[in-house]
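This is my_file.csv. It holds CSV, C-alpha atoms.
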chain,number,residue,atom,x,y,z
Y,113,MET,CA,-20.0,4.7,12.0
Y,114,GLN,CA,-17.5,1.9,10.9
Y,115,GLY,CA,-16.9,1.4,7.2
Y,116,LYS,CA,-17.8,-1.9,5.6
Y,117,LEU,CA,-14.3,-2.8,4.6
Y,118,ARG,CA,-13.0,-2.3,8.1
Y,119,LEU,CA,-16.0,-4.3,9.5
Y,120,THR,CA,-15.2,-7.2,7.2
Y,121,LEU,CA,-11.6,-7.3,8.3
Y,122,GLN,CA,-12.5,-7.0,11.9
Y,123,ALA,CA,-14.9,-9.9,11.6
Y,124,LEU,CA,-12.0,-12.1,10.3
Y,125,VAL,CA,-9.7,-10.9,13.1
Y,126,SER,CA,-12.3,-11.4,15.8
Y,127,ALA,CA,-12.7,-15.0,14.7
Y,128,HIS,CA,-8.9,-15.5,14.9
Y,129,VAL,CA,-8.5,-16.2,11.2
Y,130,ASP,CA,-5.0,-16.4,9.9
Y,131,PHE,CA,-5.1,-14.5,6.6
Y,132,ILE,CA,-3.1,-12.1,4.4
Y,133,LEU,CA,-4.8,-9.2,2.8
Y,134,VAL,CA,-3.9,-9.1,-0.9
Y,135,GLY,CA,-5.4,-7.3,-4.0
Y,136,GLY,CA,-6.6,-3.8,-4.4
Y,137,LEU,CA,-7.3,-3.2,-0.7
Y,138,ALA,CA,-3.7,-4.3,0.2
Y,139,ALA,CA,-2.5,-1.7,-2.4
Y,140,VAL,CA,-4.7,1.0,-0.8
Y,141,LEU,CA,-3.3,0.2,2.7
Y,142,ARG,CA,0.2,0.3,1.2
Y,143,GLY,CA,-0.6,3.8,0.0
Y,144,ALA,CA,-1.7,3.4,-3.6
Y,145,PRO,CA,-4.4,5.8,-4.6
Y,146,VAL,CA,-6.6,3.2,-6.2
Y,147,HIS,CA,-10.3,2.3,-5.7
Y,148,THR,CA,-11.7,-1.1,-4.9
Y,149,TYR,CA,-14.9,-2.5,-3.6
Y,150,ASP,CA,-13.9,-5.9,-2.3
Y,151,VAL,CA,-11.7,-7.5,0.2
Y,152,ASP,CA,-9.3,-10.2,-1.0
Y,153,VAL,CA,-7.6,-12.5,1.5
Y,154,VAL,CA,-5.4,-15.6,1.2
Y,155,PHE,CA,-6.0,-17.8,4.2
Y,156,SER,CA,-4.2,-20.6,6.0
Y,157,GLN,CA,-5.7,-24.0,5.2
Y,158,GLN,CA,-4.7,-25.5,8.6
Y,159,PRO,CA,-7.8,-27.3,10.1
Y,160,ALA,CA,-8.1,-24.9,13.1
Y,161,ASN,CA,-8.1,-22.0,10.8
Y,162,ILE,CA,-10.7,-23.5,8.4
Y,163,ALA,CA,-13.0,-23.7,11.5
Y,164,ASN,CA,-12.3,-20.1,12.4
Y,165,LEU,CA,-12.8,-18.9,8.9
Y,166,LEU,CA,-16.1,-20.8,8.7
Y,167,ALA,CA,-17.2,-19.1,11.9
Y,168,ALA,CA,-16.2,-15.7,10.5
Y,169,LEU,CA,-18.0,-16.3,7.2
Y,170,ALA,CA,-21.2,-17.3,9.1
Y,171,SER,CA,-21.0,-14.1,11.2
Y,172,LEU,CA,-20.7,-12.2,7.9
Y,173,ASP,CA,-23.7,-14.0,6.3
Y,174,ALA,CA,-21.4,-15.0,3.5
Y,175,VAL,CA,-22.9,-16.6,0.4
Y,176,PHE,CA,-21.4,-17.3,-3.1
Y,177,ARG,CA,-22.1,-14.2,-5.1
Y,178,ILE,CA,-22.3,-15.9,-8.5
Y,179,GLN,CA,-26.0,-16.8,-7.6
Y,180,PRO,CA,-26.7,-15.0,-4.3
Y,181,TRP,CA,-30.4,-15.7,-4.4
Y,182,ARG,CA,-29.6,-19.4,-3.9
Y,183,ASN,CA,-27.9,-18.6,-0.6
Y,184,ILE,CA,-25.2,-21.1,-1.0
Y,185,ARG,CA,-22.9,-20.9,2.0
Y,186,PRO,CA,-19.3,-21.8,1.9
Y,187,ASN,CA,-18.5,-25.0,3.7
Y,188,GLU,CA,-15.4,-26.9,4.9
Y,189,SER,CA,-14.9,-28.7,1.6
Y,190,HIS,CA,-15.0,-25.4,-0.3
Y,191,LEU,CA,-12.3,-24.0,1.9
Y,192,LEU,CA,-10.1,-27.1,1.7
Y,193,GLY,CA,-10.0,-27.0,-2.1
Y,194,SER,CA,-7.7,-25.0,-4.3
Y,195,GLY,CA,-9.8,-22.3,-5.8
Y,196,HIS,CA,-11.1,-18.8,-5.1
Y,197,LEU,CA,-14.4,-18.3,-3.3
Y,198,ASN,CA,-16.1,-15.1,-4.4
Y,199,LEU,CA,-18.5,-14.3,-1.7
Y,200,GLN,CA,-21.1,-11.6,-0.9
Y,201,THR,CA,-21.5,-10.7,2.8
Y,202,LYS,CA,-23.6,-8.3,4.8
Y,203,TYR,CA,-20.8,-5.8,4.5
Y,204,GLY,CA,-20.0,-6.3,0.8
Y,205,TYR,CA,-17.8,-8.4,-1.3
Y,206,LEU,CA,-15.2,-10.8,0.1
Y,207,ASP,CA,-12.9,-13.0,-2.0
Y,208,VAL,CA,-11.5,-15.8,0.0
Y,209,LEU,CA,-8.5,-17.3,-1.8
Y,210,THR,CA,-6.6,-20.5,-1.2
Y,211,ASN,CA,-3.7,-19.2,-3.4
Y,212,ILE,CA,-2.6,-16.4,-5.7
Y,213,GLY,CA,-0.4,-16.4,-8.8
Y,214,GLU,CA,1.0,-19.8,-9.6
Y,215,ASN,CA,-0.5,-21.6,-6.7
Y,216,VAL,CA,1.3,-19.5,-4.0
Y,217,ARG,CA,-0.3,-20.2,-0.7
Y,218,TYR,CA,-0.6,-18.6,2.7
Y,219,ASP,CA,2.6,-20.1,4.2
Y,220,GLN,CA,4.7,-19.0,1.2
Y,221,LEU,CA,3.2,-15.5,1.2
Y,222,LEU,CA,3.6,-14.8,4.9
Y,223,PRO,CA,7.3,-13.8,4.6
Y,224,PHE,CA,6.3,-11.3,2.0
Y,225,SER,CA,3.7,-9.6,4.2
Y,226,SER,CA,3.9,-7.4,7.3
Y,227,PRO,CA,1.5,-6.4,10.0
Y,228,MET,CA,-0.5,-3.1,9.7
Y,229,LEU,CA,-2.8,-1.5,12.2
Y,230,ILE,CA,-6.3,-0.8,10.8
Y,231,ASP,CA,-7.6,0.6,14.1
Y,232,GLU,CA,-6.3,1.1,17.6
Y,233,SER,CA,-6.4,-2.5,18.5
Y,234,THR,CA,-6.6,-4.5,15.2
Y,235,THR,CA,-3.6,-5.7,13.3
Y,236,ILE,CA,-3.8,-7.6,10.0
Y,237,GLN,CA,-1.1,-9.1,7.7
Y,238,VAL,CA,-0.9,-7.2,4.5
Y,239,LEU,CA,1.1,-8.3,1.4
Y,240,ASN,CA,4.0,-6.0,0.6
Y,241,LEU,CA,3.7,-3.7,-2.3
Y,242,LYS,CA,6.7,-5.1,-4.1
Y,243,THR,CA,5.3,-8.6,-4.0
Y,244,LEU,CA,1.8,-7.4,-5.0
Y,245,ILE,CA,3.4,-5.8,-8.1
Y,246,GLU,CA,5.2,-9.0,-9.0
Y,247,PHE,CA,1.9,-10.9,-8.8
Y,248,LYS,CA,0.1,-8.3,-10.9
Y,249,GLU,CA,2.9,-8.5,-13.5
Y,250,GLN,CA,2.3,-12.3,-13.7
Y,251,LEU,CA,-1.4,-11.7,-14.4
Y,252,SER,CA,-2.5,-11.0,-17.9
Y,253,THR,CA,-5.8,-9.3,-17.3
Y,254,GLU,CA,-6.2,-5.8,-18.6
Y,255,LYS,CA,-7.5,-4.6,-15.2
Y,256,ASP,CA,-4.3,-5.8,-13.4
Y,257,ARG,CA,-2.0,-4.3,-16.0
Y,258,ALA,CA,-3.8,-1.0,-15.8
Y,259,MET,CA,-3.1,-0.7,-12.1
Y,260,LEU,CA,0.6,-1.4,-12.4
Y,261,PRO,CA,2.0,2.1,-13.2
Y,262,ILE,CA,0.3,3.5,-10.1
Y,263,LEU,CA,1.6,0.6,-7.9
Y,264,ARG,CA,5.1,1.0,-9.2
Y,265,ARG,CA,5.1,4.8,-8.6
Y,266,THR,CA,3.7,4.3,-5.1
Y,267,LEU,CA,6.5,1.9,-4.4
Y,268,SER,CA,9.1,4.3,-5.7
Y,269,GLU,CA,7.7,7.3,-3.8
Y,270,SER,CA,7.4,5.2,-0.6
Y,271,GLU,CA,11.1,4.3,-0.9
Y,272,LYS,CA,12.2,8.0,-1.1
N,34,MET,CA,7.5,26.7,9.7
N,35,ALA,CA,8.1,29.6,7.3
N,36,ARG,CA,6.7,29.1,3.8
N,37,ASN,CA,7.1,31.0,0.6
N,38,TYR,CA,3.8,31.9,-1.1
N,39,TYR,CA,3.4,32.9,-4.7
N,40,GLN,CA,0.6,33.9,-6.8
N,41,ALA,CA,-0.5,30.7,-8.5
N,42,SER,CA,-1.0,32.3,-11.8
N,43,GLN,CA,2.6,33.5,-11.7
N,44,ILE,CA,4.4,30.3,-10.9
N,45,VAL,CA,2.3,27.3,-11.8
N,46,GLY,CA,0.7,25.9,-14.8
N,47,ASP,CA,-2.7,24.2,-15.0
N,48,ASN,CA,-1.5,20.8,-13.9
N,49,GLN,CA,0.1,22.2,-10.8
N,50,ARG,CA,-3.0,24.1,-9.9
N,51,ILE,CA,-5.0,20.9,-10.2
N,52,ALA,CA,-2.4,19.3,-8.0
N,53,ALA,CA,-2.9,22.0,-5.4
N,54,TRP,CA,-6.6,21.2,-5.4
N,55,LYS,CA,-5.9,17.6,-4.7
N,56,HIS,CA,-3.8,18.5,-1.6
N,57,LEU,CA,-6.9,19.9,0.1
N,58,PRO,CA,-8.0,18.1,3.2
N,59,PRO,CA,-11.5,16.6,3.5
N,60,SER,CA,-14.2,19.1,4.2
N,61,GLY,CA,-14.6,20.0,7.8
N,62,GLU,CA,-10.9,19.6,8.6
N,63,PRO,CA,-8.7,22.6,9.0
N,64,ASP,CA,-6.2,23.2,6.2
N,65,PRO,CA,-2.8,22.0,7.4
N,66,ALA,CA,-1.3,24.8,5.2
N,67,PRO,CA,-2.9,27.6,3.3
N,68,VAL,CA,-3.0,25.8,0.0
N,69,LEU,CA,-5.6,27.8,-1.8
N,70,ARG,CA,-8.2,27.0,-4.3
N,71,ASP,CA,-7.9,29.1,-7.4
N,72,SER,CA,-5.5,31.1,-9.4
N,73,SER,CA,-6.6,34.3,-7.9
N,74,ARG,CA,-5.3,33.3,-4.5
N,75,ALA,CA,-1.9,32.3,-3.2
N,76,VAL,CA,-0.8,28.6,-3.1
N,77,ALA,CA,1.9,26.9,-1.1
N,78,LEU,CA,3.8,25.7,-4.1
N,79,THR,CA,7.5,26.5,-4.1
N,80,PRO,CA,9.9,26.5,-7.1
N,81,GLU,CA,11.5,23.3,-5.8
N,82,GLN,CA,8.1,21.5,-5.6
N,83,PRO,CA,8.4,18.0,-7.2
N,84,PRO,CA,6.5,17.4,-10.5
N,85,PRO,CA,2.9,16.5,-10.0
N,86,ASP,CA,2.9,13.7,-12.6
N,87,SER,CA,5.3,11.0,-13.6
N,88,ASP,CA,6.6,10.4,-17.1
N,89,ASP,CA,4.0,7.7,-17.6
N,90,GLY,CA,1.1,10.0,-16.5
N,91,VAL,CA,0.7,8.8,-12.9
N,92,ASP,CA,-0.6,11.5,-10.6
N,93,LEU,CA,2.2,11.7,-8.0
N,94,THR,CA,0.3,14.2,-5.9
N,95,LEU,CA,-2.3,11.6,-5.1
N,96,ILE,CA,0.3,9.1,-4.2
N,97,ARG,CA,2.0,11.6,-1.9
N,98,CYS,CA,-1.3,12.4,-0.2
N,99,THR,CA,-2.1,8.7,0.5
N,100,LEU,CA,1.4,8.0,1.6
N,101,ALA,CA,1.1,10.8,4.1
N,102,MET,CA,-1.8,8.9,5.7
N,103,THR,CA,-1.6,6.0,8.1
N,104,PRO,CA,-3.0,2.7,6.9
N,105,ALA,CA,-6.0,3.1,9.1
N,106,GLU,CA,-6.6,6.6,7.6
N,107,ARG,CA,-6.3,5.1,4.1
N,108,LEU,CA,-8.9,2.5,5.0
N,109,ASP,CA,-11.2,5.2,6.5
N,110,PHE,CA,-10.8,7.3,3.3
N,111,LEU,CA,-11.7,4.4,1.0
N,112,ASP,CA,-14.6,3.3,3.2
N,113,SER,CA,-16.0,6.8,3.2
N,114,GLN,CA,-15.7,7.1,-0.5
N,115,ILE,CA,-17.6,3.8,-1.0
N,116,ALA,CA,-20.3,5.1,1.4
N,117,ASP,CA,-20.6,8.3,-0.5
N,118,ILE,CA,-20.8,6.4,-3.9
N,119,GLU,CA,-23.5,4.1,-2.4
N,120,ALA,CA,-25.5,7.0,-1.1
N,121,ILE,CA,-25.4,8.8,-4.5
N,122,ARG,CA,-26.4,5.6,-6.3
N,123,LYS,CA,-29.4,5.1,-3.9
N,124,LEU,CA,-30.4,8.7,-4.3
N,125,ASN,CA,-30.4,8.4,-8.1
N,126,ALA,CA,-32.1,5.0,-8.0
N,127,ARG,CA,-35.0,6.6,-6.0
N,128,LYS,CA,-35.2,9.5,-8.4
N,129,LEU,CA,-35.3,7.2,-11.4
N,130,ASN,CA,-38.0,5.0,-9.8
N,131,ALA,CA,-40.0,8.1,-9.0
N,132,ARG,CA,-40.2,9.0,-12.6
Take the structure in the file and give it back as structure tokens.
Amino acid sequence: MQGKLRLTLQALVSAHVDFILVGGLAAVLRGAPVHTYDVDVVFSQQPANIANLLAALASLDAVFRIQPWRNIRPNESHLLGSGHLNLQTKYGYLDVLTNIGENVRYDQLLPFSSPMLIDESTTIQVLNLKTLIEFKEQLSTEKDRAMLPILRRTLSESEK
Amino acid sequence: MARNYYQASQIVGDNQRIAAWKHLPPSGEPDPAPVLRDSSRAVALTPEQPPPDSDDGVDLTLIRCTLAMTPAERLDFLDSQIADIEAIRKLNARKLNAR
């Protein structure tokens, strides 16, 4: 049986969404022994990609998780904005981000990511660990700071 | 490949024994090496084994284990952990509701 995190990523790939995996799951794929329950992606805001992302979110039954009982579905204007969309899908939690850090967007992040295989036929772009650490260092939340020693050690071990 | 085996109680401290535990593969998979489970049995630790923890307390053995996996295996591992946690939560929720 496929896991929910993988199914979420596969839905995005199947819909031809241009995205970069960031956050805790990116850290996991880069080898950090951390735990996370959600998928965080930064997406391209090109019109064609917005349409593809909307199709993917529909296939995932995505609704805003702040008030899931209201079943508010993300629409084009939400995706064209500049914020974070914290969604709940049939496979779990998905955070769809227009930017991270100090308004760093998809096109700017792309050079700091690289493709990774998540199954035999699915490749996704994943933020590099070094860049992920730099963003975590910019953030001031206790949760992000707590993860930093593990991320730094993972980077140093991976470079040996 | 030839390996040196030592009695764990003779060569390792508690932290390293715990580290040896963490090197165990998931249940159902054959051991890649005879890393054994308690101090009464031999472990595949050698005197030149790198330290299990960093100066700032990060468990390097876990990092080495995850770095030894492919990205797809890391995703599988996390997905299976989440599935296990969800199953335990559901089981306990049912038990609480049955009270």
Atomic separation - atom CA of Leu121 of chain Y relative to atom CA of Gly213 of chain Y, Å: 22.4 Å
Which residue is closest to chain Y? Choose from N:Asn130, N:Thr94, N:Thr99, N:Gln82 and count only C-alpha atoms. N:Thr99
Sort by chain and increasing residue number a table of all residues of chain N within 9 Å of chain Y, each with its closest pair of atoms and their distance in Å to one decimal, counting only C-alpha atoms, and write it as a Markdown table.
| residue | atom | partner | partner_atom | distance |
| --- | --- | --- | --- | --- |
| N:Ser87 | CA | Y:Arg265 | CA | 8.0 |
| N:Asp89 | CA | Y:Pro261 | CA | 7.4 |
| N:Gly90 | CA | Y:Pro261 | CA | 8.6 |
| N:Val91 | CA | Y:Ile262 | CA | 6.0 |
| N:Asp92 | CA | Y:Ile262 | CA | 8.1 |
| N:Leu93 | CA | Y:Arg265 | CA | 7.5 |
| N:Leu95 | CA | Y:Pro145 | CA | 6.2 |
| N:Ile96 | CA | Y:Pro145 | CA | 5.8 |
| N:Arg97 | CA | Y:Glu269 | CA | 7.4 |
| N:Cys98 | CA | Y:Pro145 | CA | 8.5 |
| N:Thr99 | CA | Y:Gly143 | CA | 5.1 |
| N:Leu100 | CA | Y:Gly143 | CA | 4.9 |
| N:Ala101 | CA | Y:Gly143 | CA | 8.3 |
| N:Met102 | CA | Y:Gly143 | CA | 7.7 |
| N:Thr103 | CA | Y:Leu141 | CA | 8.1 |
| N:Pro104 | CA | Y:Leu141 | CA | 4.9 |
| N:Ala105 | CA | Y:Ile230 | CA | 4.3 |
| N:Glu106 | CA | Y:Ile230 | CA | 8.1 |
| N:Arg107 | CA | Y:Leu141 | CA | 5.9 |
| N:Leu108 | CA | Y:Leu141 | CA | 6.5 |
| N:Asp109 | CA | Y:Gly115 | CA | 6.9 |
| N:Leu111 | CA | Y:His147 | CA | 7.2 |
| N:Asp112 | CA | Y:Gly115 | CA | 5.0 |
| N:Ser113 | CA | Y:Gly115 | CA | 6.8 |
| N:Gln114 | CA | Y:His147 | CA | 8.9 |
| N:Ile115 | CA | Y:Tyr149 | CA | 7.3 |
| N:Ala116 | CA | Y:Gly115 | CA | 7.7 |
Please identify all polymer residues within 8 Å of segment 161-176 of chain Y, counting all atoms listed in the file, omitting same-chain residues fewer than 4 positions from it, and present them as an MDAnalysis selection string. chainID Y and resid 120 123:124 126:130 156:157 180 183:188 191:192 197:203
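Between atom CA of Gln158 of chain Y and atom CA of Phe131 of chain Y the separation is 11.2 Å.
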With all atoms listed in the file as the basis for distance, which of Y:Ile178, Y:Leu239, Y:Ala160, Y:Leu206 is at the shortest distance from Phe224 of chain Y? Y:Leu239
Please compute the atom CA of Asp150 of chain Y-atom CA of Asp207 of chain Y distance, one decimal, in Å.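 Result for atom CA of Asp150 of chain Y versus atom CA of Asp207 of chain Y: 7.2 Å, one decimal.
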